[in-house]
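S.K.: Before we start, here is the structure in question, set down as structure tokens.
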Amino acid sequence: MANTHIQAEQGWLPQGTDKVVLGLLALALAALYIPSYMELSRTVWNTDEQGHGPIIFAVAVWLFYRHRHAVAELAAEPKAGLAWAILVPSLLMYVLGYSQSFLMLAVISQIGVLAAMILLFKGRAALRLVWFPLFFLVFMTPFPESLVAAVTGPLKSAVSVVAADLLYSVGYPVSRVGVILNVGQYQLLVADACAGLNSMFTLEALGLLYMNLMQYKSATRNVLLAVLVVPIAFGANVVRVMVLVLVTYHFGDAAGQGFVHGFAGMVLFIVGLILVLFTDYVLGWFFKNESAAAKEVAA
């Protein structure tokens, strides 16, 4: 109860914060990265494949904000040499990425810039404290289309095969030609959004966030859950495709391509999150140690 009362009295900025320096740093970061974020909002964040980007960014900001008092309480032990060794290449990466419209380089450079600033003002202890929010920013980074296409192709084929075989096994007139599913008089193309790459990426991010908040002590448990998110995301995508096929077969093409198509994406994440939580529950049978978060709640 005492700790809760102390936390309630803490302001949104830690005591002793140099607001002038903080404001200048914020302005510098805004000048660098707002143009890139505006470009993201006009392009990749407007697509089904990368629509999770703003959510990842908001969560990362919240994670940084959540650690603000703990970072402020650390003794300042600046590592100027290491900081500049990271900052200079990161800024060069940003210049190259922004000037050549290579958003991946421009966006991912912010991880190095933020890490360098933390090292310059607070040192390695602070960097260790906020490593996860920094790493989490990777999940909002737009990857090159060539890489996405190379991975998406096999995933689309695998999702199509499993969805078609499952529906056929329960009596539906489903056949498959490549990534095109024929059901009754309808044809459905398994699009990139249904392939699973970006949903795997997003579910992986949510799984890692869940583990970070739970603060599990067992590295084996964390690694197992992170690895198992991949087949979980694949299974959730199969469910999404099956839902769309069934809706189209029973209610027509207009129903399958309308509101239900967008709703199927919500079904995917609901199914995925339920499976992640269930998997974590099963892993809890083998890893009995409580998480730090659970102990704090109990206290």
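Here's how to read the names in the structure tokens: chain A, B, ... by the order shown, residue numbers from 1 in each chain, ligand numbers from 1 in the order shown.
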Leaving out A:Ala125 and any residue of its chain fewer than 4 positions from it, which residues lie within 9 Å of it when counting only C-alpha atoms, given as a list of chain:residue names?

M.R.: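 Counting only the stated atoms, we get A:Val71, A:Leu74, A:Ala75, A:Glu77, A:Leu119, A:Leu129, A:Val130.
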
S.K.: Could you write out, as an MDAnalysis selection string, all the residues of stretch 33-68 of chain A that DSSP marks as alpha helix (DSSP H)?

M.R.: chainID A and resid 33:42 53:66 68

S.K.: Which residue is closest to A:Tyr210? Choose from A:Val107, A:Val276, A:Ile56, A:Leu127 and count only C-alpha atoms.

M.R.: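 Once distances to A:Tyr210 are computed over only C-alpha atoms, the minimum belongs to A:Val276.
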
S.K.: Pick out each residue of stretch 60-277 of chain A that DSSP on the backbone tags as strand (DSSP E or B); I need them as number ranges by chain.

M.R.: A: 174-177, 180-183, 186-189

S.K.: What are the closest atom pairs, with distances in Å to one decimal, for all residues of stretch 210-282 of chain A lying within 8 Å of stretch 151-173 of chain A? Consider only C-alpha atoms, order rows by chain and residue number, and present the result as JSON lines.

M.R.:
```
{"residue": "A:Phe234", "atom": "CA", "partner": "A:Val159", "partner_atom": "CA", "distance": 7.3}
{"residue": "A:Asn237", "atom": "CA", "partner": "A:Val159", "partner_atom": "CA", "distance": 7.0}
{"residue": "A:Val238", "atom": "CA", "partner": "A:Ala163", "partner_atom": "CA", "distance": 5.5}
{"residue": "A:Val239", "atom": "CA", "partner": "A:Ala163", "partner_atom": "CA", "distance": 7.5}
{"residue": "A:Val241", "atom": "CA", "partner": "A:Ala163", "partner_atom": "CA", "distance": 6.6}
{"residue": "A:Met242", "atom": "CA", "partner": "A:Ala163", "partner_atom": "CA", "distance": 5.8}
```

S.K.: Neighbouring residues of A:Val113 were defined as those with any atom within 9 Å, considering only C-alpha atoms; residues of the same chain fewer than 2 positions away were excluded. Please report them as a PyMOL selection string.

M.R.: chain A and resi 29+83+86-88+90-91+109-111+115-118

S.K.: Give me a file of those residues, with N, CA and C atoms, as a PDB file, in the first residue's frame.

M.R.:
```pdb
ATOM      1  N   LEU A  29      14.599  14.979 -31.852  1.00  0.00           N
ATOM      2  CA  LEU A  29      14.039  13.702 -32.306  1.00  0.00           C
ATOM      3  C   LEU A  29      12.830  13.925 -33.204  1.00  0.00           C
ATOM      4  N   ALA A  83      28.664   5.798 -26.677  1.00  0.00           N
ATOM      5  CA  ALA A  83      27.485   6.514 -27.180  1.00  0.00           C
ATOM      6  C   ALA A  83      27.743   7.097 -28.567  1.00  0.00           C
ATOM      7  N   ILE A  86      27.887   4.610 -31.375  1.00  0.00           N
ATOM      8  CA  ILE A  86      26.570   4.148 -31.834  1.00  0.00           C
ATOM      9  C   ILE A  86      25.819   5.263 -32.548  1.00  0.00           C
ATOM     10  N   LEU A  87      25.941   6.491 -32.040  1.00  0.00           N
ATOM     11  CA  LEU A  87      25.161   7.608 -32.571  1.00  0.00           C
ATOM     12  C   LEU A  87      25.558   7.968 -34.008  1.00  0.00           C
ATOM     13  N   VAL A  88      26.854   8.042 -34.279  1.00  0.00           N
ATOM     14  CA  VAL A  88      27.306   8.467 -35.612  1.00  0.00           C
ATOM     15  C   VAL A  88      26.826   7.508 -36.707  1.00  0.00           C
ATOM     16  N   SER A  90      24.308   5.503 -36.586  1.00  0.00           N
ATOM     17  CA  SER A  90      22.846   5.547 -36.610  1.00  0.00           C
ATOM     18  C   SER A  90      22.347   6.767 -37.384  1.00  0.00           C
ATOM     19  N   LEU A  91      23.004   7.918 -37.179  1.00  0.00           N
ATOM     20  CA  LEU A  91      22.615   9.121 -37.913  1.00  0.00           C
ATOM     21  C   LEU A  91      22.929   8.986 -39.406  1.00  0.00           C
ATOM     22  N   SER A 109      16.925   3.308 -37.540  1.00  0.00           N
ATOM     23  CA  SER A 109      18.046   4.089 -36.998  1.00  0.00           C
ATOM     24  C   SER A 109      17.705   4.721 -35.662  1.00  0.00           C
ATOM     25  N   GLN A 110      16.402   4.926 -35.400  1.00  0.00           N
ATOM     26  CA  GLN A 110      16.016   5.565 -34.143  1.00  0.00           C
ATOM     27  C   GLN A 110      16.383   4.712 -32.931  1.00  0.00           C
ATOM     28  N   ILE A 111      16.476   3.402 -33.119  1.00  0.00           N
ATOM     29  CA  ILE A 111      16.867   2.535 -32.004  1.00  0.00           C
ATOM     30  C   ILE A 111      18.284   2.876 -31.569  1.00  0.00           C
ATOM     31  N   ALA A 115      19.387   4.657 -28.041  1.00  0.00           N
ATOM     32  CA  ALA A 115      20.359   3.937 -27.199  1.00  0.00           C
ATOM     33  C   ALA A 115      21.574   4.813 -26.917  1.00  0.00           C
ATOM     34  N   ALA A 116      22.043   5.544 -27.933  1.00  0.00           N
ATOM     35  CA  ALA A 116      23.206   6.418 -27.747  1.00  0.00           C
ATOM     36  C   ALA A 116      22.905   7.536 -26.753  1.00  0.00           C
ATOM     37  N   MET A 117      21.707   8.114 -26.840  1.00  0.00           N
ATOM     38  CA  MET A 117      21.341   9.181 -25.911  1.00  0.00           C
ATOM     39  C   MET A 117      21.284   8.670 -24.477  1.00  0.00           C
ATOM     40  N   ILE A 118      20.755   7.465 -24.299  1.00  0.00           N
ATOM     41  CA  ILE A 118      20.679   6.885 -22.956  1.00  0.00           C
ATOM     42  C   ILE A 118      22.077   6.657 -22.404  1.00  0.00           C
TER      43      ILE A 118
END
```

S.K.: With only C-alpha atoms as the atoms that count, which of A:Val267, A:Leu273, A:Lys217, A:Tyr98 lies nearest to A:Lys288?

M.R.: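 Smallest separation from A:Lys288 among the options: A:Lys217.
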
S.K.: So the first atom is atom CA of A:Ala106 and the second is atom CA of A:Tyr33; what is the distance between them in Å, to one decimal place?

M.R.: 8.0 Å

S.K.: Which is closer to A:Met104 than all the others in A:Asn182, A:Thr279, A:Ser36, A:Ser41, using only C-alpha atoms?

M.R.: A:Ser36

S.K.: Leaving out A:Pro54 and any residue of its chain fewer than 4 positions from it, which residues lie within 10 Å of it when counting only C-alpha atoms, given as a compact mmCIF listing (two decimals) with N, CA, C and O atoms, in the first residue's frame?

M.R.:
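Written out: around32.txt:
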```
# COMPACT_ATOMS: atom_id res chain seq x y z
N TYR A 37 7.69 9.29 -39.92
CA TYR A 37 6.42 8.78 -39.42
C TYR A 37 5.25 9.25 -40.28
O TYR A 37 4.29 8.51 -40.50
N LEU A 40 5.30 7.00 -43.20
CA LEU A 40 4.74 5.70 -42.81
C LEU A 40 3.22 5.75 -42.78
O LEU A 40 2.54 4.83 -43.24
N SER A 41 2.67 6.83 -42.22
CA SER A 41 1.21 6.94 -42.10
C SER A 41 0.54 7.05 -43.47
O SER A 41 -0.60 6.64 -43.64
N TRP A 45 1.59 2.07 -43.26
CA TRP A 45 0.65 1.95 -42.15
C TRP A 45 -0.80 2.00 -42.61
O TRP A 45 -1.69 1.74 -41.82
N GLN A 50 0.73 -3.88 -42.71
CA GLN A 50 1.55 -3.12 -41.76
C GLN A 50 0.70 -2.21 -40.87
O GLN A 50 1.23 -1.28 -40.26
N ALA A 58 2.90 3.08 -30.16
CA ALA A 58 2.25 3.57 -28.94
C ALA A 58 2.65 2.74 -27.73
O ALA A 58 2.91 3.28 -26.64
N VAL A 59 2.73 1.41 -27.90
CA VAL A 59 3.12 0.54 -26.79
C VAL A 59 4.57 0.81 -26.39
O VAL A 59 4.91 0.85 -25.20
N ALA A 60 5.46 1.01 -27.37
CA ALA A 60 6.86 1.30 -27.07
C ALA A 60 6.99 2.61 -26.28
O ALA A 60 7.76 2.68 -25.31
N MET A 140 7.82 -2.44 -35.48
CA MET A 140 7.09 -1.45 -36.28
C MET A 140 7.88 -1.06 -37.53
O MET A 140 7.45 -0.22 -38.31
```

S.K.: When you count only C-alpha atoms, which of these residues is closest to A:Leu63: A:Leu213, A:Gly123, A:Tyr94, A:Leu203?

M.R.: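 Among the listed residues, the smallest separation from A:Leu63 belongs to A:Leu213.
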
S.K.: Between A:Leu147, A:Val21, A:Leu225, A:Val179, single out the one closest to A:Met211, counting only C-alpha atoms.

M.R.: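 Ranked by minimum distance to A:Met211, first place goes to A:Leu225.
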
S.K.: Please, what distance in Å, to one decimal, runs between atom CA of A:Lys122 and atom CA of A:Ala76?

M.R.: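 According to the coordinates, atom CA of A:Lys122 and atom CA of A:Ala76 are separated by 4.4 Å.
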
S.K.: Taking 6 positions as the minimum chain separation for residues in the same chain, which residues sit within 10 Å of A:Glu73 when counting only C-alpha atoms? Answer as a list in words.

M.R.: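 Once the nearby chain positions are removed, what remains is Pro14, Gln15, Lys122 and Ala126 of chain A.
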
S.K.: I need the residues from that last selection saved to file as a short mmCIF file (atom, residue, chain, number, x, y, z; two decimals), in the first residue's frame (with C-alpha atoms), if you can.

M.R.:
```cif
data_model
loop_
_atom_site.label_atom_id
_atom_site.label_comp_id
_atom_site.auth_asym_id
_atom_site.auth_seq_id
_atom_site.Cartn_x
_atom_site.Cartn_y
_atom_site.Cartn_z
CA PRO A 14 10.86 12.53 -12.46
CA GLN A 15 12.00 15.07 -9.90
CA LYS A 122 22.82 7.79 -17.88
CA ALA A 126 19.84 2.64 -17.87
#
```

S.K.: Skipping near chain neighbours, those fewer than 2 positions away, what residues fall within 12 Å of A:Ile270 using only C-alpha atoms, listed as number ranges by chain?

M.R.: A: 199, 203, 206, 232-233, 236-237, 239-240, 263-268, 272-277

S.K.: State, in Å with one decimal place, the distance from atom CA of A:Leu103 to atom CA of A:Trp62.

M.R.: 23.1 Å

S.K.: Extract, using only C-alpha atoms, all DNA, RNA and protein residues at most 9 Å from A:Leu208, discarding same-chain residues fewer than 6 positions from it, and format them as a list in words.

M.R.: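 Once the adjacent positions are removed, what remains is Phe136, Asn222, Leu225 and Ala226 of chain A.
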
S.K.: Could the residues in this selection be saved with all heavy atoms as a JSON list (two decimals), in the first residue's frame?

M.R.:
```
[["chain", "number", "residue", "atom", "x", "y", "z"],
["A", 136, "PHE", "N", 11.51, -3.48, -28.90],
["A", 136, "PHE", "CA", 10.12, -3.56, -29.35],
["A", 136, "PHE", "C", 9.89, -2.71, -30.59],
["A", 136, "PHE", "O", 9.00, -3.01, -31.40],
["A", 136, "PHE", "CB", 9.20, -3.12, -28.21],
["A", 136, "PHE", "CG", 7.80, -3.64, -28.33],
["A", 136, "PHE", "CD1", 7.52, -4.99, -28.21],
["A", 136, "PHE", "CD2", 6.74, -2.77, -28.56],
["A", 136, "PHE", "CE1", 6.23, -5.47, -28.32],
["A", 136, "PHE", "CE2", 5.44, -3.24, -28.68],
["A", 136, "PHE", "CZ", 5.19, -4.61, -28.56],
["A", 222, "ASN", "N", 10.41, -18.48, -21.41],
["A", 222, "ASN", "CA", 10.28, -17.34, -22.32],
["A", 222, "ASN", "C", 10.60, -17.74, -23.76],
["A", 222, "ASN", "O", 9.88, -17.38, -24.70],
["A", 222, "ASN", "CB", 11.21, -16.21, -21.88],
["A", 222, "ASN", "CG", 10.71, -15.53, -20.62],
["A", 222, "ASN", "OD1", 9.52, -15.49, -20.34],
["A", 222, "ASN", "ND2", 11.64, -14.99, -19.84],
["A", 225, "LEU", "N", 7.82, -20.06, -25.25],
["A", 225, "LEU", "CA", 6.61, -19.33, -25.59],
["A", 225, "LEU", "C", 6.83, -18.48, -26.85],
["A", 225, "LEU", "O", 5.95, -18.42, -27.73],
["A", 225, "LEU", "CB", 6.16, -18.45, -24.43],
["A", 225, "LEU", "CG", 4.81, -17.75, -24.57],
["A", 225, "LEU", "CD1", 3.70, -18.77, -24.84],
["A", 225, "LEU", "CD2", 4.48, -16.94, -23.33],
["A", 226, "ALA", "N", 8.00, -17.85, -26.95],
["A", 226, "ALA", "CA", 8.30, -17.03, -28.12],
["A", 226, "ALA", "C", 8.34, -17.89, -29.39],
["A", 226, "ALA", "O", 7.83, -17.48, -30.44],
["A", 226, "ALA", "CB", 9.63, -16.31, -27.94]]
```
